[in-house]
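Dropping work.tsv in here (TSV, C-alpha atoms):
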```tsv
chain	number	residue	atom	x	y	z
A	193	MET	CA	35.98	10.10	-16.06
A	194	LEU	CA	32.50	10.60	-14.60
A	195	LEU	CA	29.51	9.04	-16.38
A	196	CYS	CA	25.79	9.61	-15.67
A	197	ASP	CA	22.83	7.44	-16.70
A	198	ILE	CA	19.71	9.50	-16.08
A	199	GLY	CA	16.48	7.53	-15.75
A	200	ASN	CA	12.91	8.55	-14.98
A	201	THR	CA	13.36	7.89	-11.28
A	202	ASN	CA	17.09	7.91	-10.52
A	203	ILE	CA	20.41	9.25	-11.71
A	204	HIS	CA	23.12	6.58	-11.75
A	205	PHE	CA	26.74	7.68	-11.53
A	206	TYR	CA	29.91	5.80	-12.51
A	207	LYS	CA	33.54	6.67	-11.89
A	208	ASN	CA	36.56	4.36	-12.01
A	209	GLY	CA	34.45	1.26	-11.47
A	210	ALA	CA	32.42	2.71	-8.58
A	211	THR	CA	28.68	3.37	-8.94
A	212	TRP	CA	26.17	5.33	-6.88
A	213	SER	CA	22.66	6.70	-7.36
A	214	LYS	CA	20.52	9.72	-6.49
A	215	ARG	CA	16.93	10.66	-7.16
A	216	ALA	CA	16.50	12.24	-10.60
A	217	SER	CA	16.32	16.01	-10.02
A	218	VAL	CA	17.88	19.13	-11.45
A	219	LYS	CA	19.28	19.86	-8.00
A	220	ASN	CA	21.07	16.51	-7.76
A	221	ILE	CA	22.67	16.83	-11.19
A	222	SER	CA	23.66	20.47	-10.48
A	223	LEU	CA	25.71	19.30	-7.50
A	224	VAL	CA	28.18	17.64	-9.89
A	225	GLU	CA	31.34	19.74	-10.02
A	226	GLU	CA	33.32	18.07	-12.80
A	227	SER	CA	32.79	17.44	-16.52
A	228	PHE	CA	30.79	14.30	-17.33
A	229	TYR	CA	29.27	12.33	-20.17
A	230	TYR	CA	25.62	11.47	-19.77
A	231	ILE	CA	22.69	9.76	-21.40
A	232	SER	CA	19.16	10.66	-20.33
A	233	VAL	CA	15.61	9.40	-20.83
A	234	SER	CA	14.26	12.17	-18.56
A	235	GLU	CA	12.78	14.98	-20.69
A	236	ASN	CA	13.04	17.37	-17.81
A	237	LEU	CA	16.71	16.75	-17.03
A	238	SER	CA	17.65	16.52	-20.72
A	239	LYS	CA	16.31	20.03	-21.24
A	240	PHE	CA	18.28	21.34	-18.27
A	241	LEU	CA	21.53	19.62	-19.29
A	242	LYS	CA	21.48	21.06	-22.83
A	243	ASN	CA	22.72	24.33	-21.33
A	244	TYR	CA	24.81	22.90	-18.51
A	245	GLU	CA	28.46	23.49	-19.29
A	246	LEU	CA	29.94	20.46	-17.51
A	247	ALA	CA	27.57	17.98	-19.20
A	248	LYS	CA	28.23	16.30	-22.54
A	249	ASP	CA	25.47	14.23	-24.12
A	250	LEU	CA	26.85	10.89	-25.30
A	251	ALA	CA	23.63	9.91	-27.10
A	252	PRO	CA	24.66	11.20	-30.55
A	253	TYR	CA	27.66	8.84	-30.47
A	254	ILE	CA	25.96	5.62	-29.29
A	255	LYS	CA	24.56	3.70	-32.22
A	256	ILE	CA	23.27	0.17	-32.67
A	257	ASP	CA	22.03	-1.57	-35.80
A	258	THR	CA	18.25	-1.99	-35.32
A	259	ILE	CA	14.92	-1.43	-37.03
A	260	TYR	CA	13.33	-0.57	-33.65
A	261	LYS	CA	12.04	3.01	-33.69
A	262	ASN	CA	12.97	5.37	-30.83
A	263	LEU	CA	14.82	2.76	-28.78
A	264	GLY	CA	15.57	4.35	-25.39
A	265	ILE	CA	19.19	5.52	-25.22
A	266	ASP	CA	19.79	3.54	-21.99
A	267	ARG	CA	18.66	0.38	-23.78
A	268	VAL	CA	20.96	1.19	-26.73
A	269	ALA	CA	23.90	1.67	-24.35
A	270	ALA	CA	23.24	-1.61	-22.49
A	271	CYS	CA	22.93	-3.52	-25.78
A	272	ARG	CA	26.24	-2.04	-26.98
A	273	ALA	CA	27.91	-3.73	-23.99
A	274	ILE	CA	27.38	-7.22	-25.46
A	275	GLU	CA	27.62	-8.97	-28.82
A	276	ASN	CA	25.05	-11.74	-28.26
A	277	GLY	CA	22.33	-12.44	-25.74
A	278	VAL	CA	19.32	-11.10	-23.87
A	279	ILE	CA	19.56	-7.98	-21.69
A	280	VAL	CA	17.01	-7.45	-18.94
A	281	ASP	CA	17.01	-4.03	-17.29
A	282	ALA	CA	14.67	-4.38	-14.31
A	283	GLY	CA	13.84	-0.98	-12.84
A	284	SER	CA	10.61	1.03	-12.66
A	285	ALA	CA	9.98	-0.59	-16.05
A	286	ILE	CA	11.49	-3.90	-17.12
A	287	THR	CA	12.97	-3.77	-20.61
A	288	VAL	CA	14.05	-6.94	-22.41
A	289	ASP	CA	16.23	-6.64	-25.52
A	290	ILE	CA	17.76	-9.25	-27.76
A	291	VAL	CA	21.12	-8.80	-29.44
A	292	ALA	CA	22.72	-11.14	-32.01
A	293	GLY	CA	26.05	-10.45	-33.67
A	294	GLY	CA	25.97	-6.89	-32.36
A	295	ILE	CA	22.57	-6.29	-33.98
A	296	HIS	CA	19.50	-5.39	-31.89
A	297	LEU	CA	16.69	-7.74	-32.95
A	298	GLY	CA	13.86	-6.11	-30.95
A	299	GLY	CA	12.59	-5.91	-27.40
A	300	TYR	CA	9.69	-5.21	-25.11
A	301	ILE	CA	8.67	-3.43	-21.94
A	302	MET	CA	6.82	-4.68	-18.84
A	303	PRO	CA	5.87	-2.72	-15.71
A	304	GLY	CA	8.39	-3.25	-12.90
A	305	LEU	CA	7.57	-4.87	-9.56
A	306	ILE	CA	6.88	-1.62	-7.70
A	307	SER	CA	4.65	-0.50	-10.53
A	308	LEU	CA	2.69	-3.78	-10.38
A	309	GLN	CA	2.36	-3.45	-6.61
A	310	ASP	CA	0.92	0.05	-7.11
A	311	SER	CA	-1.52	-1.32	-9.72
A	312	PHE	CA	-2.89	-3.88	-7.28
A	313	ALA	CA	-3.33	-1.19	-4.62
A	314	LYS	CA	-5.29	0.95	-7.08
A	315	ILE	CA	-7.58	-1.93	-8.11
A	316	SER	CA	-8.72	-2.64	-4.55
A	317	LYS	CA	-7.80	-1.77	-0.98
A	318	LYS	CA	-7.76	-5.52	-0.32
A	319	LEU	CA	-4.82	-5.87	-2.75
A	320	ASP	CA	-2.81	-3.02	-1.19
A	321	MET	CA	0.10	-5.11	0.14
A	322	THR	CA	3.88	-5.30	-0.18
A	323	LEU	CA	4.72	-8.06	-2.67
A	324	GLN	CA	6.41	-11.09	-1.15
A	325	PRO	CA	9.59	-11.68	-3.19
A	326	ASN	CA	10.16	-15.21	-1.86
A	327	VAL	CA	6.66	-16.51	-2.72
A	328	SER	CA	6.77	-20.06	-4.08
A	329	LEU	CA	6.36	-20.08	-7.84
A	330	GLU	CA	5.73	-23.84	-7.84
A	331	ALA	CA	2.78	-24.24	-5.45
A	332	LEU	CA	-0.56	-22.57	-6.26
A	333	PRO	CA	-1.19	-19.51	-4.04
A	334	GLN	CA	-3.55	-19.98	-1.07
A	335	ASN	CA	-4.11	-16.41	0.09
A	336	THR	CA	-4.21	-12.86	-1.28
A	337	LEU	CA	-0.59	-11.94	-0.62
A	338	GLU	CA	0.66	-15.11	-2.31
A	339	ALA	CA	-1.83	-14.61	-5.16
A	340	ILE	CA	-0.64	-11.10	-6.08
A	341	SER	CA	3.06	-11.88	-5.50
A	342	TYR	CA	2.85	-14.97	-7.74
A	343	GLY	CA	0.74	-13.03	-10.26
A	344	ALA	CA	3.33	-10.23	-10.41
A	345	ILE	CA	6.62	-12.17	-10.38
A	346	LYS	CA	5.90	-15.38	-12.31
A	347	PRO	CA	4.62	-13.77	-15.56
A	348	ILE	CA	7.85	-11.75	-15.81
A	349	ILE	CA	9.97	-14.87	-15.32
A	350	LEU	CA	7.98	-16.87	-17.88
A	351	MET	CA	8.41	-14.05	-20.41
A	352	ILE	CA	12.16	-13.79	-19.85
A	353	LYS	CA	12.49	-17.61	-20.13
A	354	GLU	CA	10.55	-17.53	-23.40
A	355	SER	CA	12.91	-14.83	-24.72
A	356	LYS	CA	16.07	-16.50	-23.44
A	357	LYS	CA	15.74	-20.03	-24.77
A	358	ASP	CA	19.42	-21.06	-25.20
A	359	LYS	CA	20.84	-17.54	-25.30
A	360	LYS	CA	23.14	-15.96	-22.76
A	361	ILE	CA	21.32	-13.65	-20.36
A	362	TYR	CA	22.42	-10.44	-18.63
A	363	PHE	CA	20.55	-8.63	-15.86
A	364	THR	CA	20.95	-5.05	-14.75
A	365	GLY	CA	18.83	-2.44	-12.90
A	366	GLY	CA	17.51	-2.24	-9.35
A	367	ASP	CA	15.61	-5.56	-9.47
A	368	GLY	CA	18.10	-7.23	-11.82
A	369	LYS	CA	19.77	-9.20	-9.04
A	370	PHE	CA	16.39	-10.51	-7.86
A	371	PHE	CA	15.39	-11.82	-11.29
A	372	ALA	CA	18.88	-13.11	-12.13
A	373	LYS	CA	18.63	-15.74	-9.41
A	374	PHE	CA	15.85	-17.53	-11.32
A	375	PHE	CA	18.21	-18.17	-14.25
A	376	GLU	CA	21.19	-20.49	-14.18
A	377	ASP	CA	24.35	-19.10	-15.76
A	378	SER	CA	22.88	-15.60	-15.77
A	379	VAL	CA	25.13	-12.56	-15.44
A	380	TYR	CA	24.14	-9.73	-13.11
A	381	ASP	CA	26.03	-6.53	-13.82
A	382	SER	CA	24.80	-3.21	-12.45
A	383	THR	CA	27.12	-1.40	-14.88
A	384	MET	CA	25.80	-2.72	-18.24
A	385	VAL	CA	24.74	0.75	-19.40
A	386	PHE	CA	28.06	2.26	-18.33
A	387	ARG	CA	29.98	-0.50	-20.11
A	388	GLY	CA	28.15	0.43	-23.31
A	389	MET	CA	28.96	4.10	-22.72
A	390	LEU	CA	32.63	3.37	-22.05
A	391	LYS	CA	32.87	1.17	-25.17
A	392	THR	CA	31.50	4.04	-27.26
A	393	ILE	CA	33.90	6.56	-25.69
A	394	LYS	CA	36.82	4.26	-26.45
A	395	GLU	CA	35.76	3.43	-30.00
A	396	ARG	CA	35.18	7.08	-30.85
A	397	GLY	CA	38.34	8.25	-29.08
A	398	LEU	CA	36.33	10.75	-27.03
A	399	SER	CA	37.65	12.59	-24.01
A	400	LEU	CA	36.23	15.18	-21.66
B	61	MET	CA	-35.28	-13.68	-10.31
B	62	LEU	CA	-32.84	-10.77	-10.39
B	63	LEU	CA	-29.16	-11.41	-9.49
B	64	CYS	CA	-26.39	-8.84	-8.91
B	65	ASP	CA	-22.64	-9.38	-8.99
B	66	ILE	CA	-21.06	-6.27	-7.51
B	67	GLY	CA	-17.42	-5.67	-8.39
B	68	ASN	CA	-15.00	-2.86	-7.61
B	69	THR	CA	-15.81	-1.06	-10.85
B	70	ASN	CA	-19.14	-2.35	-12.13
B	71	ILE	CA	-22.40	-3.93	-11.02
B	72	HIS	CA	-23.43	-6.83	-13.26
B	73	PHE	CA	-27.11	-7.77	-13.41
B	74	TYR	CA	-28.71	-11.04	-14.52
B	75	LYS	CA	-32.36	-11.85	-15.11
B	76	ASN	CA	-33.85	-14.74	-17.10
B	77	GLY	CA	-30.63	-15.23	-19.11
B	78	ALA	CA	-30.16	-11.52	-19.90
B	79	THR	CA	-27.19	-9.57	-18.47
B	80	TRP	CA	-26.39	-5.87	-18.24
B	81	SER	CA	-23.94	-3.71	-16.31
B	82	LYS	CA	-23.75	-0.33	-14.60
B	83	ARG	CA	-20.99	1.54	-12.79
B	84	ALA	CA	-20.70	0.45	-9.16
B	85	SER	CA	-22.45	3.15	-7.11
B	86	VAL	CA	-25.01	3.32	-4.34
B	87	LYS	CA	-27.23	5.32	-6.69
B	88	ASN	CA	-27.22	2.62	-9.37
B	89	ILE	CA	-28.06	-0.18	-6.94
B	90	SER	CA	-30.78	1.98	-5.30
B	91	LEU	CA	-32.56	2.23	-8.66
B	92	VAL	CA	-33.41	-1.49	-8.47
B	93	GLU	CA	-37.11	-1.84	-7.61
B	94	GLU	CA	-37.45	-5.59	-7.04
B	95	SER	CA	-35.98	-8.11	-4.59
B	96	PHE	CA	-32.61	-9.53	-5.64
B	97	TYR	CA	-29.80	-11.82	-4.53
B	98	TYR	CA	-26.34	-10.32	-4.67
B	99	ILE	CA	-22.70	-10.99	-4.00
B	100	SER	CA	-20.33	-8.08	-3.53
B	101	VAL	CA	-16.59	-7.45	-3.28
B	102	SER	CA	-17.18	-3.69	-2.89
B	103	GLU	CA	-16.85	-2.69	0.78
B	104	ASN	CA	-18.80	0.47	0.17
B	105	LEU	CA	-21.80	-1.16	-1.53
B	106	SER	CA	-21.76	-4.13	0.85
B	107	LYS	CA	-22.18	-1.73	3.76
B	108	PHE	CA	-25.09	0.01	2.04
B	109	LEU	CA	-26.85	-3.23	1.04
B	110	LYS	CA	-26.78	-4.64	4.59
B	111	ASN	CA	-29.70	-2.32	5.37
B	112	TYR	CA	-31.37	-2.35	1.96
B	113	GLU	CA	-34.62	-4.22	2.20
B	114	LEU	CA	-34.78	-5.58	-1.36
B	115	ALA	CA	-31.24	-7.00	-1.25
B	116	LYS	CA	-30.34	-10.49	-0.01
B	117	ASP	CA	-26.68	-11.42	0.35
B	118	LEU	CA	-26.04	-14.83	-1.21
B	119	ALA	CA	-22.47	-15.02	0.10
B	120	PRO	CA	-23.28	-17.02	3.29
B	121	TYR	CA	-24.75	-19.80	1.12
B	122	ILE	CA	-21.98	-20.12	-1.52
B	123	LYS	CA	-19.29	-22.49	-0.33
B	124	ILE	CA	-16.42	-24.27	-2.02
B	125	ASP	CA	-13.91	-26.72	-0.61
B	126	THR	CA	-10.55	-24.87	-0.50
B	127	ILE	CA	-7.65	-24.03	1.79
B	128	TYR	CA	-7.35	-20.56	0.15
B	129	LYS	CA	-7.95	-17.85	2.76
B	130	ASN	CA	-10.42	-15.05	2.01
B	131	LEU	CA	-11.16	-16.14	-1.56
B	132	GLY	CA	-13.22	-13.37	-3.19
B	133	ILE	CA	-16.90	-14.30	-3.26
B	134	ASP	CA	-17.11	-13.67	-7.03
B	135	ARG	CA	-14.29	-16.17	-7.53
B	136	VAL	CA	-16.06	-18.70	-5.28
B	137	ALA	CA	-19.27	-18.29	-7.31
B	138	ALA	CA	-17.50	-18.71	-10.66
B	139	CYS	CA	-15.66	-21.81	-9.41
B	140	ARG	CA	-18.98	-23.30	-8.24
B	141	ALA	CA	-20.19	-23.16	-11.86
B	142	ILE	CA	-17.77	-25.93	-12.92
B	143	GLU	CA	-16.49	-29.24	-11.63
B	144	ASN	CA	-13.08	-29.32	-13.33
B	145	GLY	CA	-10.90	-26.78	-15.10
B	146	VAL	CA	-9.33	-23.34	-15.03
B	147	ILE	CA	-11.43	-20.18	-14.65
B	148	VAL	CA	-10.04	-16.86	-15.84
B	149	ASP	CA	-12.01	-13.77	-14.85
B	150	ALA	CA	-10.43	-10.92	-16.80
B	151	GLY	CA	-11.61	-7.56	-15.52
B	152	SER	CA	-9.86	-4.70	-13.72
B	153	ALA	CA	-7.88	-7.55	-12.16
B	154	ILE	CA	-7.38	-10.94	-13.80
B	155	THR	CA	-8.03	-13.84	-11.44
B	156	VAL	CA	-7.09	-17.39	-12.38
B	157	ASP	CA	-8.50	-20.28	-10.32
B	158	ILE	CA	-8.11	-24.02	-10.65
B	159	VAL	CA	-10.89	-26.45	-9.78
B	160	ALA	CA	-10.64	-30.26	-9.72
B	161	GLY	CA	-13.51	-32.54	-8.71
B	162	GLY	CA	-15.40	-29.53	-7.34
B	163	ILE	CA	-12.46	-28.59	-5.10
B	164	HIS	CA	-10.66	-25.24	-5.46
B	165	LEU	CA	-6.92	-25.96	-5.66
B	166	GLY	CA	-5.66	-22.35	-5.53
B	167	GLY	CA	-5.36	-19.33	-7.75
B	168	TYR	CA	-3.65	-16.04	-8.42
B	169	ILE	CA	-4.25	-12.42	-9.41
B	170	MET	CA	-2.68	-10.28	-12.13
B	171	PRO	CA	-3.41	-6.63	-12.97
B	172	GLY	CA	-5.85	-6.33	-15.88
B	173	LEU	CA	-5.02	-4.72	-19.23
B	174	ILE	CA	-6.36	-1.25	-18.36
B	175	SER	CA	-4.44	-1.36	-15.11
B	176	LEU	CA	-1.22	-2.28	-16.97
B	177	GLN	CA	-1.83	0.53	-19.46
B	178	ASP	CA	-2.17	2.96	-16.54
B	179	SER	CA	1.07	1.64	-15.03
B	180	PHE	CA	3.00	2.36	-18.21
B	181	ALA	CA	1.56	5.88	-18.35
B	182	LYS	CA	2.70	6.50	-14.78
B	183	ILE	CA	6.24	5.22	-15.44
B	184	SER	CA	6.86	7.65	-18.30
B	185	LYS	CA	4.95	10.06	-20.55
B	186	LYS	CA	6.58	8.24	-23.47
B	187	LEU	CA	4.72	5.05	-22.47
B	188	ASP	CA	1.33	6.78	-22.17
B	189	MET	CA	-0.42	5.01	-25.07
B	190	THR	CA	-3.50	2.88	-25.68
B	191	LEU	CA	-2.40	-0.78	-25.80
B	192	GLN	CA	-2.70	-2.39	-29.22
B	193	PRO	CA	-4.74	-5.61	-28.71
B	194	ASN	CA	-3.81	-7.08	-32.09
B	195	VAL	CA	-0.03	-6.73	-31.62
B	196	SER	CA	1.85	-9.77	-32.95
B	197	LEU	CA	2.95	-12.03	-30.11
B	198	GLU	CA	5.28	-13.96	-32.43
B	199	ALA	CA	7.52	-11.23	-33.87
B	200	LEU	CA	9.73	-9.16	-31.55
B	201	PRO	CA	8.38	-5.61	-31.07
B	202	GLN	CA	10.05	-2.84	-33.10
B	203	ASN	CA	8.59	0.29	-31.55
B	204	THR	CA	7.27	1.56	-28.21
B	205	LEU	CA	3.59	0.80	-28.80
B	206	GLU	CA	4.37	-2.77	-29.85
B	207	ALA	CA	6.81	-3.11	-26.94
B	208	ILE	CA	4.29	-2.22	-24.22
B	209	SER	CA	1.38	-4.09	-25.87
B	210	TYR	CA	3.48	-7.25	-26.19
B	211	GLY	CA	4.85	-6.72	-22.66
B	212	ALA	CA	1.32	-6.43	-21.24
B	213	ILE	CA	-0.57	-9.13	-23.16
B	214	LYS	CA	1.96	-11.93	-23.68
B	215	PRO	CA	2.93	-12.48	-20.00
B	216	ILE	CA	-0.75	-12.99	-19.15
B	217	ILE	CA	-1.17	-15.53	-21.94
B	218	LEU	CA	2.00	-17.42	-20.96
B	219	MET	CA	0.75	-17.59	-17.36
B	220	ILE	CA	-2.67	-18.89	-18.33
B	221	LYS	CA	-1.07	-21.47	-20.66
B	222	GLU	CA	1.18	-22.63	-17.82
B	223	SER	CA	-1.88	-23.02	-15.55
B	224	LYS	CA	-4.04	-24.68	-18.20
B	225	LYS	CA	-1.82	-27.51	-19.44
B	226	ASP	CA	-4.39	-30.16	-20.51
B	227	LYS	CA	-7.27	-28.81	-18.43
B	228	LYS	CA	-10.50	-27.32	-19.74
B	229	ILE	CA	-10.49	-23.52	-19.66
B	230	TYR	CA	-13.31	-21.03	-19.07
B	231	PHE	CA	-13.11	-17.27	-19.58
B	232	THR	CA	-15.38	-14.62	-18.15
B	233	GLY	CA	-15.18	-10.87	-17.40
B	234	GLY	CA	-14.84	-7.81	-19.63
B	235	ASP	CA	-11.61	-8.93	-21.32
B	236	GLY	CA	-12.48	-12.64	-21.17
B	237	LYS	CA	-13.50	-12.80	-24.81
B	238	PHE	CA	-10.21	-11.19	-25.87
B	239	PHE	CA	-8.07	-13.71	-23.99
B	240	ALA	CA	-10.27	-16.70	-24.89
B	241	LYS	CA	-9.33	-16.37	-28.54
B	242	PHE	CA	-5.71	-17.33	-27.75
B	243	PHE	CA	-6.84	-20.75	-26.47
B	244	GLU	CA	-8.29	-23.51	-28.61
B	245	ASP	CA	-11.35	-25.22	-27.14
B	246	SER	CA	-11.78	-22.45	-24.60
B	247	VAL	CA	-15.23	-21.52	-23.32
B	248	TYR	CA	-16.19	-17.87	-23.01
B	249	ASP	CA	-19.21	-17.34	-20.79
B	250	SER	CA	-20.01	-13.89	-19.40
B	251	THR	CA	-22.41	-15.51	-16.89
B	252	MET	CA	-19.98	-17.83	-15.02
B	253	VAL	CA	-20.52	-16.01	-11.72
B	254	PHE	CA	-24.30	-16.03	-12.16
B	255	ARG	CA	-24.28	-19.73	-13.04
B	256	GLY	CA	-22.55	-20.38	-9.71
B	257	MET	CA	-25.08	-18.19	-7.92
B	258	LEU	CA	-28.03	-19.96	-9.60
B	259	LYS	CA	-26.56	-23.39	-8.77
B	260	THR	CA	-26.36	-22.38	-5.10
B	261	ILE	CA	-29.93	-21.02	-5.09
B	262	LYS	CA	-31.18	-24.24	-6.61
B	263	GLU	CA	-29.17	-26.56	-4.30
B	264	ARG	CA	-30.25	-24.65	-1.21
B	265	GLY	CA	-33.88	-24.34	-2.36
B	266	LEU	CA	-33.74	-20.55	-1.88
B	267	SER	CA	-36.35	-18.11	-3.16
B	268	LEU	CA	-36.86	-14.38	-2.93
```
What does this structure look like when you write it as structure tokens?
Amino acid sequence: MLLCDIGNTNIHFYKNGATWSKRASVKNISLVEESFYYISVSENLSKFLKNYELAKDLAPYIKIDTIYKNLGIDRVAACRAIENGVIVDAGSAITVDIVAGGIHLGGYIMPGLISLQDSFAKISKKLDMTLQPNVSLEALPQNTLEAISYGAIKPIILMIKESKKDKKIYFTGGDGKFFAKFFEDSVYDSTMVFRGMLKTIKERGLSL
Amino acid sequence: MLLCDIGNTNIHFYKNGATWSKRASVKNISLVEESFYYISVSENLSKFLKNYELAKDLAPYIKIDTIYKNLGIDRVAACRAIENGVIVDAGSAITVDIVAGGIHLGGYIMPGLISLQDSFAKISKKLDMTLQPNVSLEALPQNTLEAISYGAIKPIILMIKESKKDKKIYFTGGDGKFFAKFFEDSVYDSTMVFRGMLKTIKERGLSL
């Protein structure tokens, strides 16, 4: 069974445990030649898929107990994959959601690393540099590249630590592996969203 | 004596304790009709002022003991205004610098609030909102506006707290007043940079 998780930037595919990605475009989703379940946060692709025969929207079936209004369907799916803990999806945005006893307690959104890098470049030509992922977060920065790398990466880590406390933590998304290494006992799983989708399909007895 | 602090976005003026600001442009600096000392981080305006008779660059006279390479001259000036503590200059970028015994120990740069707001807007139309400055930083966000406001403001505050520890803290810049209110015993002073400039002028016995 083919699953698609359609983001603002990329389409992520899942089939029999394998995953792959393509840029989010109507063309790339049109190349799919078999029936699939999808979730989408892309307005553009959602509109297209409404009338695409092979595509079945899984969103109406994925539910989580929450008072959060308009929680992104990808975040709902990832949260459905666990019963307790913090889920960090680090992509073009970084979303952090907290789940306890299967209930979503709330969450927040930070700009992702690439987005922060672009912000610096827009502020000043002098800050237009590629962030240095291995910058020391212990020693105070002593030049511009260290200063923006530290100022981009460390706030995100402090926030996630503050949210984690003694909870279990799960990372997913393009930069999930990078952030996971700052947390002992963290789980990195690129398929969190798909696991939530599969759980829903199983629970509801859906088939294609 | 007229002083000018020229940033990437605005020119800040100081005379006899009064301050005012204008957008950074050659036109706005050309309107000045008296001699003035300036510092500038704007490449464009720096180039223009090199041949502007009324303007005297104070940068060659402002020095601080540091191993930081290419520390912005506005940051050097602000650091010169104190002997010990943390200086947060919250503008289009947020710079945080640490000074002990008159020595600059290092510092870092984060995107400012407007810059973060722009980042969200670029990531997705759904995140294109004006940040809510009075969002609760204690309760978990329960909608998109809360989620991005919390995700923009709280990381900055956690970072500054981590840098502050038991040190004295000084805020300056357009959003300095906003961030100062999260810290007990903080000092907000919109003239930090000018105080450093004046100190230098006095020490060096300069006049116009």
Quick one: of B:Cys64, B:Ile174, B:Met219, B:Ala160, who's nearest to B:Gly234, counting only C-alpha atoms?
B:Ile174
Contact residues (chain A, partner chain B, 8 Å, only C-alpha atoms) as a CSV table (one decimal) with C-alpha atoms, keeping the file's coordinate frame:
```
chain,number,residue,atom,x,y,z
A,200,ASN,CA,12.9,8.6,-15.0
A,259,ILE,CA,14.9,-1.4,-37.0
A,260,TYR,CA,13.3,-0.6,-33.6
A,261,LYS,CA,12.0,3.0,-33.7
A,262,ASN,CA,13.0,5.4,-30.8
A,263,LEU,CA,14.8,2.8,-28.8
A,284,SER,CA,10.6,1.0,-12.7
A,285,ALA,CA,10.0,-0.6,-16.0
A,297,LEU,CA,16.7,-7.7,-33.0
A,298,GLY,CA,13.9,-6.1,-31.0
A,299,GLY,CA,12.6,-5.9,-27.4
A,300,TYR,CA,9.7,-5.2,-25.1
A,301,ILE,CA,8.7,-3.4,-21.9
A,302,MET,CA,6.8,-4.7,-18.8
A,303,PRO,CA,5.9,-2.7,-15.7
A,307,SER,CA,4.6,-0.5,-10.5
A,308,LEU,CA,2.7,-3.8,-10.4
A,311,SER,CA,-1.5,-1.3,-9.7
A,312,PHE,CA,-2.9,-3.9,-7.3
A,315,ILE,CA,-7.6,-1.9,-8.1
A,316,SER,CA,-8.7,-2.6,-4.6
A,332,LEU,CA,-0.6,-22.6,-6.3
A,333,PRO,CA,-1.2,-19.5,-4.0
A,334,GLN,CA,-3.6,-20.0,-1.1
A,335,ASN,CA,-4.1,-16.4,0.1
A,336,THR,CA,-4.2,-12.9,-1.3
A,338,GLU,CA,0.7,-15.1,-2.3
A,339,ALA,CA,-1.8,-14.6,-5.2
A,340,ILE,CA,-0.6,-11.1,-6.1
A,342,TYR,CA,2.8,-15.0,-7.7
A,343,GLY,CA,0.7,-13.0,-10.3
A,344,ALA,CA,3.3,-10.2,-10.4
A,346,LYS,CA,5.9,-15.4,-12.3
A,347,PRO,CA,4.6,-13.8,-15.6
A,348,ILE,CA,7.8,-11.8,-15.8
A,350,LEU,CA,8.0,-16.9,-17.9
A,351,MET,CA,8.4,-14.0,-20.4
```
What gap, in Å, lies between atom CA of B:Ser95 and atom CA of B:Met252?
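That distance, rounded to one decimal, is 21.4 Å.
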Kindly give the distance, in Å, that separates atom CA of B:Gly161 and atom CA of B:Asp235, rounded to a single decimal.
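If I compute the distance from atom CA of B:Gly161 to atom CA of B:Asp235, I get 26.8 Å.
For the atom pair formed by atom CA of B:Lys107 and atom CA of B:Thr79, the distance is 24.1 Å, given to one decimal.
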Write out as lines of an AutoDock Vina configuration file an axis-aligned box for stretch 235-241 of chain B: all of its atoms listed in the file, 6 Å added on each side, centre and edge lengths in Å with one decimal.
```
center_x = -10.8
center_y = -12.8
center_z = -24.9
size_x = 17.4
size_y = 19.8
size_z = 19.4
```
Which one of A:Ile295, A:Tyr229, A:Ala210, A:Glu245 sits closest to A:Val278 if you count only C-alpha atoms?
A:Ile295
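Distances to B:Ile147 were evaluated for B:Lys123, B:Arg264, B:Lys228, B:Lys75 using only C-alpha atoms, and the minimum falls at B:Lys228.
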Give the answer as one residue: which of B:Tyr98, B:Tyr248, B:Phe238, B:Phe108 has the shortest atom-to-atom distance to B:Pro120, using all atoms listed in the file?
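Under the stated criterion, the closest residue is B:Tyr98.
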